[in-house]
$ cat final_20.csv   # CSV, C-alpha atoms and all ligand atoms
chain,number,residue,atom,x,y,z
H,18,ILE,CA,-4.0,-3.0,22.4
H,19,ARG,CA,-3.9,-6.1,20.2
H,20,LYS,CA,-7.2,-7.4,21.5
H,21,ALA,CA,-8.9,-4.1,20.8
H,22,GLY,CA,-7.7,-4.5,17.2
H,23,ILE,CA,-5.7,-1.3,17.4
H,24,LEU,CA,-2.4,-3.0,16.6
H,25,GLU,CA,-2.6,-6.1,14.5
H,26,MET,CA,0.1,-8.5,13.4
H,27,ILE,CA,-0.5,-9.2,9.7
H,28,PRO,CA,0.9,-12.4,8.0
H,29,VAL,CA,2.7,-11.4,4.8
H,30,THR,CA,2.8,-13.4,1.6
H,31,GLU,CA,3.3,-10.6,-0.8
H,32,ARG,CA,6.8,-10.1,-2.3
H,33,MET,CA,8.4,-7.3,-4.2
H,34,GLU,CA,8.3,-9.5,-7.3
H,35,ASP,CA,4.5,-9.4,-7.1
H,36,ILE,CA,4.5,-5.7,-7.7
H,37,GLY,CA,4.5,-4.5,-11.3
H,38,GLY,CA,6.0,-1.1,-12.0
H,39,LEU,CA,6.7,1.5,-9.2
H,40,LYS,CA,10.4,1.1,-9.9
H,41,ASN,CA,11.6,4.2,-7.9
H,42,LEU,CA,9.7,3.2,-4.8
H,43,LYS,CA,10.9,-0.4,-5.0
H,44,GLU,CA,14.5,0.6,-5.5
H,45,TRP,CA,14.3,3.0,-2.6
H,46,LEU,CA,12.9,0.3,-0.3
H,47,GLY,CA,15.7,-2.0,-1.5
H,48,ARG,CA,18.3,0.5,-0.3
H,49,LYS,CA,16.6,0.7,3.1
H,50,ALA,CA,16.5,-3.1,3.3
H,51,VAL,CA,20.3,-3.1,3.1
H,52,ILE,CA,20.5,-0.8,6.1
H,53,LEU,CA,17.8,-2.5,8.1
H,54,LYS,CA,19.4,-5.9,7.6
H,55,ASP,CA,22.7,-4.6,9.0
H,56,MET,CA,21.7,-2.0,11.5
H,57,ALA,CA,24.9,-2.3,13.6
H,58,GLY,CA,27.1,-2.1,10.5
H,59,ALA,CA,25.1,0.9,9.2
H,60,ARG,CA,25.3,2.7,12.6
H,61,SER,CA,29.0,2.3,13.0
H,62,TYR,CA,29.5,3.5,9.4
H,63,GLY,CA,27.5,6.6,10.2
H,64,VAL,CA,24.3,5.8,8.4
H,65,GLU,CA,21.1,6.7,10.1
H,66,LEU,CA,18.3,4.2,10.6
H,67,PRO,CA,15.4,5.0,8.2
H,68,LYS,CA,12.2,6.4,9.8
H,69,GLY,CA,9.7,5.5,7.2
H,70,VAL,CA,7.9,6.4,4.0
H,71,LEU,CA,4.6,8.0,3.0
H,72,ILE,CA,3.0,6.4,0.0
H,73,ALA,CA,0.1,8.4,-1.4
H,74,GLY,CA,-2.0,8.1,-4.6
H,75,VAL,CA,-5.0,6.7,-6.4
H,76,PRO,CA,-6.7,3.6,-5.0
H,77,GLY,CA,-5.8,0.1,-6.2
H,78,CYS,CA,-2.3,1.0,-7.4
H,79,GLY,CA,-0.2,-0.9,-5.0
H,80,LYS,CA,0.1,1.1,-1.8
H,81,SER,CA,-1.0,-1.6,0.5
H,82,LEU,CA,0.9,-4.1,-1.6
H,83,ASN,CA,4.1,-2.2,-1.0
H,84,ALA,CA,3.5,-1.8,2.8
H,85,LYS,CA,3.1,-5.6,3.0
H,86,ALA,CA,6.0,-6.5,0.6
H,87,SER,CA,8.4,-4.2,2.5
H,88,ALA,CA,8.1,-6.3,5.6
H,89,GLN,CA,8.9,-9.3,3.5
H,90,LEU,CA,11.9,-7.5,2.0
H,91,PHE,CA,13.2,-6.4,5.3
H,92,GLU,CA,12.5,-9.8,6.8
H,93,VAL,CA,10.6,-8.3,9.8
H,94,PRO,CA,7.0,-8.6,11.1
H,95,LEU,CA,4.3,-6.4,9.8
H,96,LEU,CA,2.1,-4.5,12.3
H,97,LYS,CA,-0.9,-2.6,11.2
H,98,LEU,CA,-2.0,0.3,13.2
H,99,ASP,CA,-5.7,1.1,13.0
H,100,MET,CA,-6.0,4.9,13.8
H,101,GLY,CA,-9.8,4.8,13.7
H,102,ARG,CA,-9.8,2.4,16.6
H,103,LEU,CA,-7.5,4.4,18.7
H,104,MET,CA,-10.2,6.8,19.7
H,105,GLY,CA,-11.3,6.0,23.3
H,106,LYS,CA,-14.4,7.1,25.2
H,107,TYR,CA,-12.5,8.7,28.2
H,108,VAL,CA,-10.4,11.7,28.5
H,109,GLY,CA,-6.8,10.8,27.6
H,110,GLU,CA,-7.7,7.3,26.4
H,111,SER,CA,-6.8,7.9,22.8
H,112,GLU,CA,-3.4,9.3,23.6
H,113,ALA,CA,-2.8,6.4,26.0
H,114,ASN,CA,-3.8,3.9,23.3
H,115,LEU,CA,-1.3,5.5,20.8
H,116,ARG,CA,1.4,5.5,23.4
H,117,GLN,CA,0.8,1.8,24.1
H,118,ALA,CA,0.7,0.9,20.5
H,119,ILE,CA,4.0,2.7,19.9
H,120,SER,CA,5.7,1.0,22.8
H,121,LEU,CA,4.5,-2.4,21.7
H,122,ALA,CA,5.8,-1.8,18.2
H,123,GLU,CA,9.1,-0.7,19.7
H,124,ALA,CA,9.2,-3.8,21.8
H,125,ILE,CA,8.6,-6.0,18.7
H,126,SER,CA,11.1,-4.0,16.5
H,127,PRO,CA,12.7,-4.4,14.1
H,128,CYS,CA,9.3,-4.3,12.4
H,129,VAL,CA,7.2,-2.4,9.8
H,130,LEU,CA,4.4,-0.3,11.2
H,131,TRP,CA,1.8,0.2,8.6
H,132,VAL,CA,-0.5,3.2,9.1
H,133,ASP,CA,-3.3,2.9,6.6
H,134,GLU,CA,-5.6,5.7,5.4
H,135,LEU,CA,-3.5,8.3,7.2
H,136,GLU,CA,-5.7,11.2,5.8
H,137,LYS,CA,-8.7,9.7,7.6
H,138,ALA,CA,-6.9,9.5,10.9
H,139,PHE,CA,-5.9,13.1,10.9
H,140,ALA,CA,-8.9,14.6,9.2
H,141,GLY,CA,-10.2,17.7,11.0
H,142,ILE,CA,-7.0,18.5,12.9
H,143,GLY,CA,-6.7,22.0,14.1
H,144,GLY,CA,-10.5,22.3,14.4
H,145,THR,CA,-12.5,22.9,17.6
H,146,GLY,CA,-14.7,20.6,19.5
H,147,GLY,CA,-13.8,17.5,21.6
H,148,GLY,CA,-13.2,15.1,18.7
H,149,ALA,CA,-11.0,17.6,16.7
H,150,GLU,CA,-9.0,18.4,19.8
H,151,VAL,CA,-8.2,14.8,20.5
H,152,THR,CA,-7.2,14.3,16.9
H,153,THR,CA,-4.9,17.3,17.0
H,154,ARG,CA,-3.3,16.0,20.1
H,155,LEU,CA,-2.9,12.5,18.6
H,156,PHE,CA,-1.4,14.1,15.5
H,157,GLY,CA,1.1,16.0,17.6
H,158,GLN,CA,2.0,12.9,19.5
H,159,PHE,CA,2.6,10.9,16.3
H,160,LEU,CA,4.7,13.7,14.7
H,161,THR,CA,6.9,14.0,17.8
H,162,TRP,CA,7.4,10.3,17.9
H,163,MET,CA,8.3,10.2,14.2
H,164,GLN,CA,10.7,13.1,14.6
H,165,GLU,CA,12.5,11.7,17.6
H,166,LYS,CA,12.3,8.0,16.7
H,167,LYS,CA,15.6,6.1,17.1
H,168,SER,CA,14.1,2.6,17.1
H,169,ALA,CA,13.9,0.2,14.2
H,170,VAL,CA,10.2,0.7,13.6
H,171,PHE,CA,9.9,1.5,10.0
H,172,VAL,CA,6.7,3.4,9.3
H,173,VAL,CA,4.9,2.9,6.1
H,174,ALA,CA,2.0,5.3,5.9
H,175,THR,CA,-0.5,5.0,3.1
H,176,ALA,CA,-3.0,7.7,2.0
H,177,ASN,CA,-5.3,8.2,-1.0
H,178,ASP,CA,-5.6,11.9,-0.9
H,179,ILE,CA,-2.4,13.8,-0.2
H,180,MET,CA,-4.3,17.1,-0.3
H,181,LYS,CA,-6.1,16.2,2.9
H,182,LEU,CA,-2.9,15.5,4.8
H,183,PRO,CA,-1.7,18.2,7.2
H,184,PRO,CA,1.4,19.9,5.7
H,185,GLU,CA,3.4,19.4,8.9
H,186,LEU,CA,3.6,15.7,8.0
H,187,MET,CA,5.5,16.5,4.8
H,188,ARG,CA,8.3,18.4,6.4
H,189,LYS,CA,11.7,17.0,6.6
H,190,GLY,CA,12.5,14.9,9.6
H,191,ARG,CA,9.2,13.1,9.7
H,192,PHE,CA,9.2,10.6,6.7
H,193,ASP,CA,12.4,10.0,4.9
H,194,GLU,CA,10.6,10.1,1.6
H,195,ILE,CA,7.1,10.7,0.1
H,196,PHE,CA,6.1,8.7,-3.0
H,197,TYR,CA,3.1,9.5,-5.1
H,198,VAL,CA,1.8,6.4,-7.0
H,199,LYS,CA,-0.1,7.1,-10.2
H,200,LEU,CA,-2.1,4.9,-12.5
H,201,PRO,CA,0.2,2.4,-14.2
H,202,ALA,CA,1.9,3.4,-17.5
H,203,PRO,CA,1.7,1.0,-20.5
H,204,GLY,CA,5.0,-0.8,-19.5
H,205,GLU,CA,3.8,-1.1,-16.0
H,206,ARG,CA,0.4,-2.5,-17.1
H,207,GLU,CA,2.3,-5.1,-19.1
H,208,LYS,CA,4.2,-6.2,-15.9
H,209,ILE,CA,1.0,-6.3,-13.8
H,210,PHE,CA,-0.8,-8.4,-16.4
H,211,GLU,CA,2.1,-10.8,-16.5
H,212,ILE,CA,2.2,-11.1,-12.7
H,213,HIS,CA,-1.5,-11.9,-12.3
H,214,ILE,CA,-1.7,-14.3,-15.2
H,215,ARG,CA,1.5,-16.1,-14.1
H,216,LYS,CA,0.1,-16.4,-10.6
H,217,ARG,CA,-3.0,-18.2,-11.7
H,218,ARG,CA,-2.3,-19.8,-15.1
H,219,PRO,CA,1.5,-20.0,-15.5
H,220,GLY,CA,1.3,-22.4,-18.4
H,221,ASP,CA,-1.0,-20.1,-20.4
H,222,LEU,CA,1.2,-17.0,-20.2
H,223,GLU,CA,3.0,-17.4,-23.5
H,224,ARG,CA,-0.3,-17.9,-25.3
H,225,ILE,CA,-1.5,-14.4,-24.2
H,226,ASP,CA,-1.0,-11.3,-26.3
H,227,ILE,CA,-0.3,-9.0,-23.4
H,228,LYS,CA,0.4,-6.0,-25.7
H,229,THR,CA,-3.1,-6.1,-27.0
H,230,LEU,CA,-4.5,-6.2,-23.4
H,231,VAL,CA,-2.3,-3.2,-22.5
H,232,ASN,CA,-3.6,-1.2,-25.4
H,233,LYS,CA,-7.2,-1.7,-24.2
H,234,THR,CA,-6.7,-0.8,-20.6
H,235,GLU,CA,-5.6,2.8,-20.5
H,236,GLY,CA,-6.7,4.3,-17.1
H,237,TYR,CA,-6.9,0.9,-15.4
H,238,SER,CA,-5.4,0.5,-11.9
H,239,GLY,CA,-3.5,-2.5,-10.8
H,240,ALA,CA,-6.6,-3.7,-9.0
H,241,ASP,CA,-8.7,-3.3,-12.2
H,242,ILE,CA,-6.1,-5.3,-14.1
H,243,GLU,CA,-6.2,-8.1,-11.5
H,244,GLY,CA,-10.0,-8.0,-11.8
H,245,VAL,CA,-10.1,-8.5,-15.6
H,246,VAL,CA,-7.5,-11.3,-15.4
H,247,LYS,CA,-9.6,-13.1,-12.8
H,248,ASP,CA,-12.8,-12.6,-14.8
H,249,GLY,CA,-11.1,-13.7,-18.0
H,250,ILE,CA,-10.0,-17.0,-16.4
H,251,GLU,CA,-13.5,-17.5,-15.1
H,252,ASN,CA,-14.9,-16.9,-18.6
H,253,ALA,CA,-12.6,-19.7,-20.0
H,254,PHE,CA,-13.5,-22.1,-17.2
H,255,VAL,CA,-17.2,-21.6,-17.5
H,256,GLN,CA,-17.0,-22.1,-21.3
H,257,GLY,CA,-15.2,-25.4,-20.6
H,258,ARG,CA,-11.9,-24.5,-22.3
H,259,PRO,CA,-8.7,-26.2,-21.2
H,260,CYS,CA,-6.7,-23.0,-21.3
H,261,ILE,CA,-7.3,-19.3,-21.3
H,262,SER,CA,-6.7,-17.1,-24.4
H,263,THR,CA,-6.3,-13.4,-25.0
H,264,SER,CA,-10.0,-13.1,-26.1
H,265,ASP,CA,-11.2,-14.4,-22.7
H,266,ILE,CA,-9.5,-11.4,-21.0
H,267,LEU,CA,-10.6,-9.0,-23.8
H,268,GLU,CA,-14.2,-10.1,-23.1
H,269,ALA,CA,-13.7,-9.3,-19.4
H,270,ILE,CA,-12.3,-5.9,-20.4
H,271,GLU,CA,-15.3,-5.2,-22.7
H,272,ALA,CA,-17.6,-6.1,-19.9
H,273,THR,CA,-16.0,-3.5,-17.6
H,274,HIS,CA,-16.4,-1.0,-20.4
H,275,SER,CA,-20.1,-1.7,-20.8
H,276,LEU,CA,-20.5,-1.7,-17.1
H,277,ASN,CA,-19.0,1.8,-17.0
H,278,GLU,CA,-21.4,2.8,-19.8
H,279,VAL,CA,-24.4,1.6,-17.8
H,280,MET,CA,-23.2,3.4,-14.8
H,281,LYS,CA,-22.7,6.6,-16.8
H,282,ASP,CA,-26.3,6.3,-18.2
H,283,ASP,CA,-27.6,5.9,-14.7
H,284,ILE,CA,-25.9,9.0,-13.5
H,285,GLU,CA,-27.0,11.0,-16.6
W,1,LIG,P1,-6.5,1.3,-1.7
W,1,LIG,O1,-6.1,2.8,-1.5
W,1,LIG,O2,-7.8,1.1,-2.4
W,1,LIG,O3,-6.2,0.5,-0.5
W,1,LIG,P2,-4.0,0.4,-2.8
W,1,LIG,O4,-3.2,1.3,-3.6
W,1,LIG,O5,-3.5,0.2,-1.4
W,1,LIG,O6,-5.5,0.8,-2.8
W,1,LIG,P3,-3.6,-2.3,-3.2
W,1,LIG,O7,-4.3,-2.9,-2.1
W,1,LIG,O8,-2.1,-2.4,-3.1
W,1,LIG,O9,-4.1,-0.9,-3.6
W,1,LIG,O10,-4.0,-3.1,-4.6
W,1,LIG,C1,-5.1,-3.9,-4.6
W,1,LIG,C2,-4.8,-5.2,-5.4
W,1,LIG,O11,-4.5,-4.8,-6.8
W,1,LIG,C3,-3.5,-5.8,-4.9
W,1,LIG,O12,-3.7,-6.8,-3.9
W,1,LIG,C4,-2.9,-6.4,-6.2
W,1,LIG,O13,-3.4,-7.7,-6.4
W,1,LIG,C5,-3.4,-5.5,-7.3
W,1,LIG,N1,-2.4,-4.5,-7.6
W,1,LIG,C6,-2.4,-3.2,-7.5
W,1,LIG,N2,-1.3,-2.6,-7.9
W,1,LIG,C7,-0.5,-3.5,-8.4
W,1,LIG,C8,0.8,-3.6,-9.0
W,1,LIG,N3,1.5,-2.4,-9.1
W,1,LIG,N4,1.3,-4.8,-9.3
W,1,LIG,C9,0.6,-5.9,-9.1
W,1,LIG,N5,-0.6,-5.9,-8.6
W,1,LIG,C10,-1.2,-4.8,-8.2
$ encode --input "final_20.csv" --output "structure tokens" --more "lines below"
Ligand code: ATP
Amino acid sequence: IRKAGILEMIPVTERMEDIGGLKNLKEWLGRKAVILKDMAGARSYGVELPKGVLIAGVPGCGKSLNAKASAQLFEVPLLKLDMGRLMGKYVGESEANLRQAISLAEAISPCVLWVDELEKAFAGIGGTGGGAEVTTRLFGQFLTWMQEKKSAVFVVATANDIMKLPPELMRKGRFDEIFYVKLPAPGEREKIFEIHIRKRRPGDLERIDIKTLVNKTEGYSGADIEGVVKDGIENAFVQGRPCISTSDILEAIEATHSLNEVMKDDIE
């Protein structure tokens, strides 16, 4: 299962402090961390083990980041399940693969099991034809496992398009909670700028007028913000300056605007 790339152990360096915004999600994960770090205590107190969380929303806004950082927070290994690779050539192979992946995760538990792009895995369920039937069976298998799960395998499922997810998945008893991440609000963009500038140029942070950058980046995702910070730093380096300034990042922001214009012209 691991050789076939179906289940992969991922090294984690991301921490909760590396995530700007998403306060509710981070707080919620923080509560689950208390339980997962003292499972025996929680059980004897009458608290149930968490099953997992579904994080949906626009690309580049920290879904994968949260999946990774949650393993750090819980102090457990991170396993990534590649649903696309589960599909086998022979009858029953896909189901057997999922069964094996689940038992391996349970053997390794406590752990975080990250299921990325959940909507792709279960696209076409309920349909007819060989592929669709296998997917429907896999989906049923996954749901039953989630519902009956008693092990300390905390599932973090991520999805871009919640509308494409089968509604059964949203019912109580499967995931403990569903979070929808949106594009960052101004205060969140401020934090994300800070995080990415501090990561690369800590000494320059106080020189940067983050409020101005925030005002120029409405509609930017976390990944977009990281992109303009990287480009801004590159601008300063290429021009031979010893430190970066607000205008280097503004220049990078302008460049993304003009790139968008060019793309729009092409489409029109
Ligand atoms: P996708 O659906 O495209 O996989 P995603 O929501 O999973 O998107 P991430 O992989 O978490 O997006 O984000 C991509 C990169 O953008 C991250 O590695 C991180 O550097 C940056 N980023 C995104 N959101 C945030 C955030 N809230 N705080 C800090 N950095 C962020």
$ closest_residue --input "final_20.csv" --among "H:Val129, H:Leu98, H:Val108, H:Met180" --to "H:Arg154" --atoms "all atoms listed in the file"
H:Val108
$ closest_atom_pairs --input "final_20.csv" --of "chain H" --to "ligand LIG 1 (chain W)" --cutoff "8 Å" --atoms "only C-alpha atoms and all ligand atoms" --output "tab-separated table"
residue	atom	partner	partner_atom	distance
H:Asp35	CA	W:LIG1	C9	5.6
H:Ile36	CA	W:LIG1	N4	3.7
H:Gly37	CA	W:LIG1	N4	3.8
H:Gly38	CA	W:LIG1	N3	5.5
H:Leu39	CA	W:LIG1	N3	6.5
H:Gly74	CA	W:LIG1	O4	7.0
H:Val75	CA	W:LIG1	O4	6.3
H:Pro76	CA	W:LIG1	O1	3.6
H:Gly77	CA	W:LIG1	O9	3.3
H:Cys78	CA	W:LIG1	N2	3.8
H:Gly79	CA	W:LIG1	O8	3.1
H:Lys80	CA	W:LIG1	O5	3.7
H:Ser81	CA	W:LIG1	O5	3.6
H:Leu82	CA	W:LIG1	O8	3.8
H:Asn83	CA	W:LIG1	O8	6.5
H:Glu134	CA	W:LIG1	O1	7.5
H:Thr175	CA	W:LIG1	O5	7.2
H:Ala176	CA	W:LIG1	O1	6.8
H:Asn177	CA	W:LIG1	O1	5.5
H:Val198	CA	W:LIG1	O4	7.9
H:Pro201	CA	W:LIG1	N3	7.1
H:Glu205	CA	W:LIG1	N3	7.4
H:Lys208	CA	W:LIG1	N4	7.3
H:Ile209	CA	W:LIG1	C9	4.7
H:Phe210	CA	W:LIG1	C9	7.8
H:Ile212	CA	W:LIG1	C9	6.5
H:His213	CA	W:LIG1	N5	7.1
H:Ser238	CA	W:LIG1	C6	6.5
H:Gly239	CA	W:LIG1	C6	3.5
H:Ala240	CA	W:LIG1	O11	3.2
H:Asp241	CA	W:LIG1	O11	7.0
H:Ile242	CA	W:LIG1	C5	7.3
H:Glu243	CA	W:LIG1	C5	5.7
$ atom_distance --input "final_20.csv" --atom1 "atom CA of H:Trp45" --atom2 "atom CA of H:Leu130"
17.3 Å
$ atom_distance --input "final_20.csv" --atom1 "atom CA of H:Pro67" --atom2 "atom CA of H:Ile195"
12.9 Å
$ closest_residue --input "final_20.csv" --among "H:Gly249, H:Gly22, H:Gly244, H:Gly204" --to "H:Ile225" --atoms "only C-alpha atoms"
H:Gly249
$ atom_distance --input "final_20.csv" --atom1 "atom CA of H:Ile142" --atom2 "atom CA of H:Leu115"
16.2 Å
$ residues_around --input "final_20.csv" --residues "H:Ile270" --least-positions-apart "4" --cutoff "12 Å" --atoms "only C-alpha atoms" --output "list in words"
Thr229, Leu230, Val231, Asn232, Lys233, Thr234, Glu235, Tyr237, Asp241, Ile242, Glu243, Gly244, Val245, Val246, Lys247, Asp248, Gly249, Asn252, Thr263, Ser264, Asp265, Ile266, His274, Ser275, Leu276 and Asn277 of chain H
$ closest_residue --input "final_20.csv" --among "H:Ala86, H:Tyr197, H:Ala50, H:Leu24" --to "H:Ala118" --atoms "all atoms listed in the file"
H:Leu24
$ closest_residue --input "final_20.csv" --among "H:Ile119, H:Ala202, H:Leu96, H:Ala253" --to "H:Met163" --atoms "all atoms listed in the file"
H:Ile119
$ closest_residue --input "final_20.csv" --among "H:Lys68, H:Arg102, H:Arg60, H:Arg48" --to "H:Lys189" --atoms "all atoms listed in the file"
H:Lys68
$ closest_residue --input "final_20.csv" --among "H:Ala138, H:Met33, H:Leu160, H:Leu186" --to "H:Met100" --atoms "only C-alpha atoms"
H:Ala138
$ build_atoms --input "final_20.csv" --residues "stretch 45-77 of chain H" --atoms "N, CA and C atoms" --output "PDB file, in the frame of the given file"
ATOM      1  N   TRP H  45      14.059   2.302  -3.839  1.00  0.00           N
ATOM      2  CA  TRP H  45      14.300   3.000  -2.600  1.00  0.00           C
ATOM      3  C   TRP H  45      14.151   2.080  -1.403  1.00  0.00           C
ATOM      4  N   LEU H  46      13.093   1.264  -1.419  1.00  0.00           N
ATOM      5  CA  LEU H  46      12.900   0.300  -0.300  1.00  0.00           C
ATOM      6  C   LEU H  46      14.041  -0.709  -0.287  1.00  0.00           C
ATOM      7  N   GLY H  47      14.550  -1.052  -1.464  1.00  0.00           N
ATOM      8  CA  GLY H  47      15.700  -2.000  -1.500  1.00  0.00           C
ATOM      9  C   GLY H  47      16.915  -1.414  -0.834  1.00  0.00           C
ATOM     10  N   ARG H  48      17.150  -0.119  -0.970  1.00  0.00           N
ATOM     11  CA  ARG H  48      18.300   0.500  -0.300  1.00  0.00           C
ATOM     12  C   ARG H  48      18.092   0.469   1.239  1.00  0.00           C
ATOM     13  N   LYS H  49      16.842   0.746   1.662  1.00  0.00           N
ATOM     14  CA  LYS H  49      16.600   0.700   3.100  1.00  0.00           C
ATOM     15  C   LYS H  49      16.710  -0.683   3.663  1.00  0.00           C
ATOM     16  N   ALA H  50      16.411  -1.682   2.831  1.00  0.00           N
ATOM     17  CA  ALA H  50      16.500  -3.100   3.300  1.00  0.00           C
ATOM     18  C   ALA H  50      17.996  -3.389   3.629  1.00  0.00           C
ATOM     19  N   VAL H  51      18.916  -2.867   2.838  1.00  0.00           N
ATOM     20  CA  VAL H  51      20.300  -3.100   3.100  1.00  0.00           C
ATOM     21  C   VAL H  51      20.697  -2.565   4.484  1.00  0.00           C
ATOM     22  N   ILE H  52      20.176  -1.393   4.801  1.00  0.00           N
ATOM     23  CA  ILE H  52      20.500  -0.800   6.100  1.00  0.00           C
ATOM     24  C   ILE H  52      19.814  -1.530   7.238  1.00  0.00           C
ATOM     25  N   LEU H  53      18.519  -1.863   7.053  1.00  0.00           N
ATOM     26  CA  LEU H  53      17.800  -2.500   8.100  1.00  0.00           C
ATOM     27  C   LEU H  53      18.278  -3.935   8.411  1.00  0.00           C
ATOM     28  N   LYS H  54      18.886  -4.543   7.402  1.00  0.00           N
ATOM     29  CA  LYS H  54      19.400  -5.900   7.600  1.00  0.00           C
ATOM     30  C   LYS H  54      20.757  -5.893   8.289  1.00  0.00           C
ATOM     31  N   ASP H  55      21.398  -4.742   8.309  1.00  0.00           N
ATOM     32  CA  ASP H  55      22.700  -4.600   9.000  1.00  0.00           C
ATOM     33  C   ASP H  55      22.733  -3.330   9.765  1.00  0.00           C
ATOM     34  N   MET H  56      21.890  -3.272  10.779  1.00  0.00           N
ATOM     35  CA  MET H  56      21.700  -2.000  11.500  1.00  0.00           C
ATOM     36  C   MET H  56      23.011  -1.627  12.253  1.00  0.00           C
ATOM     37  N   ALA H  57      23.661  -2.628  12.854  1.00  0.00           N
ATOM     38  CA  ALA H  57      24.900  -2.300  13.600  1.00  0.00           C
ATOM     39  C   ALA H  57      25.953  -1.797  12.665  1.00  0.00           C
ATOM     40  N   GLY H  58      26.097  -2.466  11.541  1.00  0.00           N
ATOM     41  CA  GLY H  58      27.100  -2.100  10.500  1.00  0.00           C
ATOM     42  C   GLY H  58      26.785  -0.653  10.031  1.00  0.00           C
ATOM     43  N   ALA H  59      25.504  -0.397   9.748  1.00  0.00           N
ATOM     44  CA  ALA H  59      25.100   0.900   9.200  1.00  0.00           C
ATOM     45  C   ALA H  59      25.418   2.007  10.249  1.00  0.00           C
ATOM     46  N   ARG H  60      25.045   1.733  11.512  1.00  0.00           N
ATOM     47  CA  ARG H  60      25.300   2.700  12.600  1.00  0.00           C
ATOM     48  C   ARG H  60      26.762   3.050  12.705  1.00  0.00           C
ATOM     49  N   SER H  61      27.597   2.012  12.756  1.00  0.00           N
ATOM     50  CA  SER H  61      29.000   2.300  13.000  1.00  0.00           C
ATOM     51  C   SER H  61      29.640   2.961  11.747  1.00  0.00           C
ATOM     52  N   TYR H  62      28.969   2.799  10.594  1.00  0.00           N
ATOM     53  CA  TYR H  62      29.500   3.500   9.400  1.00  0.00           C
ATOM     54  C   TYR H  62      29.011   4.921   9.337  1.00  0.00           C
ATOM     55  N   GLY H  63      28.048   5.251  10.204  1.00  0.00           N
ATOM     56  CA  GLY H  63      27.500   6.600  10.200  1.00  0.00           C
ATOM     57  C   GLY H  63      26.251   6.806   9.448  1.00  0.00           C
ATOM     58  N   VAL H  64      25.614   5.692   9.105  1.00  0.00           N
ATOM     59  CA  VAL H  64      24.300   5.800   8.400  1.00  0.00           C
ATOM     60  C   VAL H  64      23.199   5.750   9.365  1.00  0.00           C
ATOM     61  N   GLU H  65      22.225   6.659   9.184  1.00  0.00           N
ATOM     62  CA  GLU H  65      21.100   6.700  10.100  1.00  0.00           C
ATOM     63  C   GLU H  65      20.035   5.659   9.776  1.00  0.00           C
ATOM     64  N   LEU H  66      19.355   5.195  10.804  1.00  0.00           N
ATOM     65  CA  LEU H  66      18.300   4.200  10.600  1.00  0.00           C
ATOM     66  C   LEU H  66      17.114   4.977   9.860  1.00  0.00           C
ATOM     67  N   PRO H  67      16.518   4.346   8.852  1.00  0.00           N
ATOM     68  CA  PRO H  67      15.400   5.000   8.200  1.00  0.00           C
ATOM     69  C   PRO H  67      14.177   5.109   9.112  1.00  0.00           C
ATOM     70  N   LYS H  68      13.407   6.167   8.964  1.00  0.00           N
ATOM     71  CA  LYS H  68      12.200   6.400   9.800  1.00  0.00           C
ATOM     72  C   LYS H  68      10.980   5.762   9.136  1.00  0.00           C
ATOM     73  N   GLY H  69      10.880   6.004   7.835  1.00  0.00           N
ATOM     74  CA  GLY H  69       9.700   5.500   7.200  1.00  0.00           C
ATOM     75  C   GLY H  69       9.376   6.231   5.888  1.00  0.00           C
ATOM     76  N   VAL H  70       8.283   5.825   5.280  1.00  0.00           N
ATOM     77  CA  VAL H  70       7.900   6.400   4.000  1.00  0.00           C
ATOM     78  C   VAL H  70       6.400   6.634   3.955  1.00  0.00           C
ATOM     79  N   LEU H  71       6.040   7.671   3.231  1.00  0.00           N
ATOM     80  CA  LEU H  71       4.600   8.000   3.000  1.00  0.00           C
ATOM     81  C   LEU H  71       4.302   7.650   1.553  1.00  0.00           C
ATOM     82  N   ILE H  72       3.352   6.755   1.349  1.00  0.00           N
ATOM     83  CA  ILE H  72       3.000   6.400   0.000  1.00  0.00           C
ATOM     84  C   ILE H  72       1.546   6.896  -0.256  1.00  0.00           C
ATOM     85  N   ALA H  73       1.407   7.825  -1.169  1.00  0.00           N
ATOM     86  CA  ALA H  73       0.100   8.400  -1.400  1.00  0.00           C
ATOM     87  C   ALA H  73      -0.282   8.118  -2.888  1.00  0.00           C
ATOM     88  N   GLY H  74      -1.568   8.205  -3.187  1.00  0.00           N
ATOM     89  CA  GLY H  74      -2.000   8.100  -4.600  1.00  0.00           C
ATOM     90  C   GLY H  74      -3.275   7.334  -4.769  1.00  0.00           C
ATOM     91  N   VAL H  75      -3.646   7.214  -6.035  1.00  0.00           N
ATOM     92  CA  VAL H  75      -5.000   6.700  -6.400  1.00  0.00           C
ATOM     93  C   VAL H  75      -5.170   5.237  -5.861  1.00  0.00           C
ATOM     94  N   PRO H  76      -6.441   4.889  -5.564  1.00  0.00           N
ATOM     95  CA  PRO H  76      -6.700   3.600  -5.000  1.00  0.00           C
ATOM     96  C   PRO H  76      -6.379   2.437  -6.010  1.00  0.00           C
ATOM     97  N   GLY H  77      -6.029   1.303  -5.436  1.00  0.00           N
ATOM     98  CA  GLY H  77      -5.800   0.100  -6.200  1.00  0.00           C
ATOM     99  C   GLY H  77      -4.492   0.100  -7.023  1.00  0.00           C
TER     100      GLY H  77
END
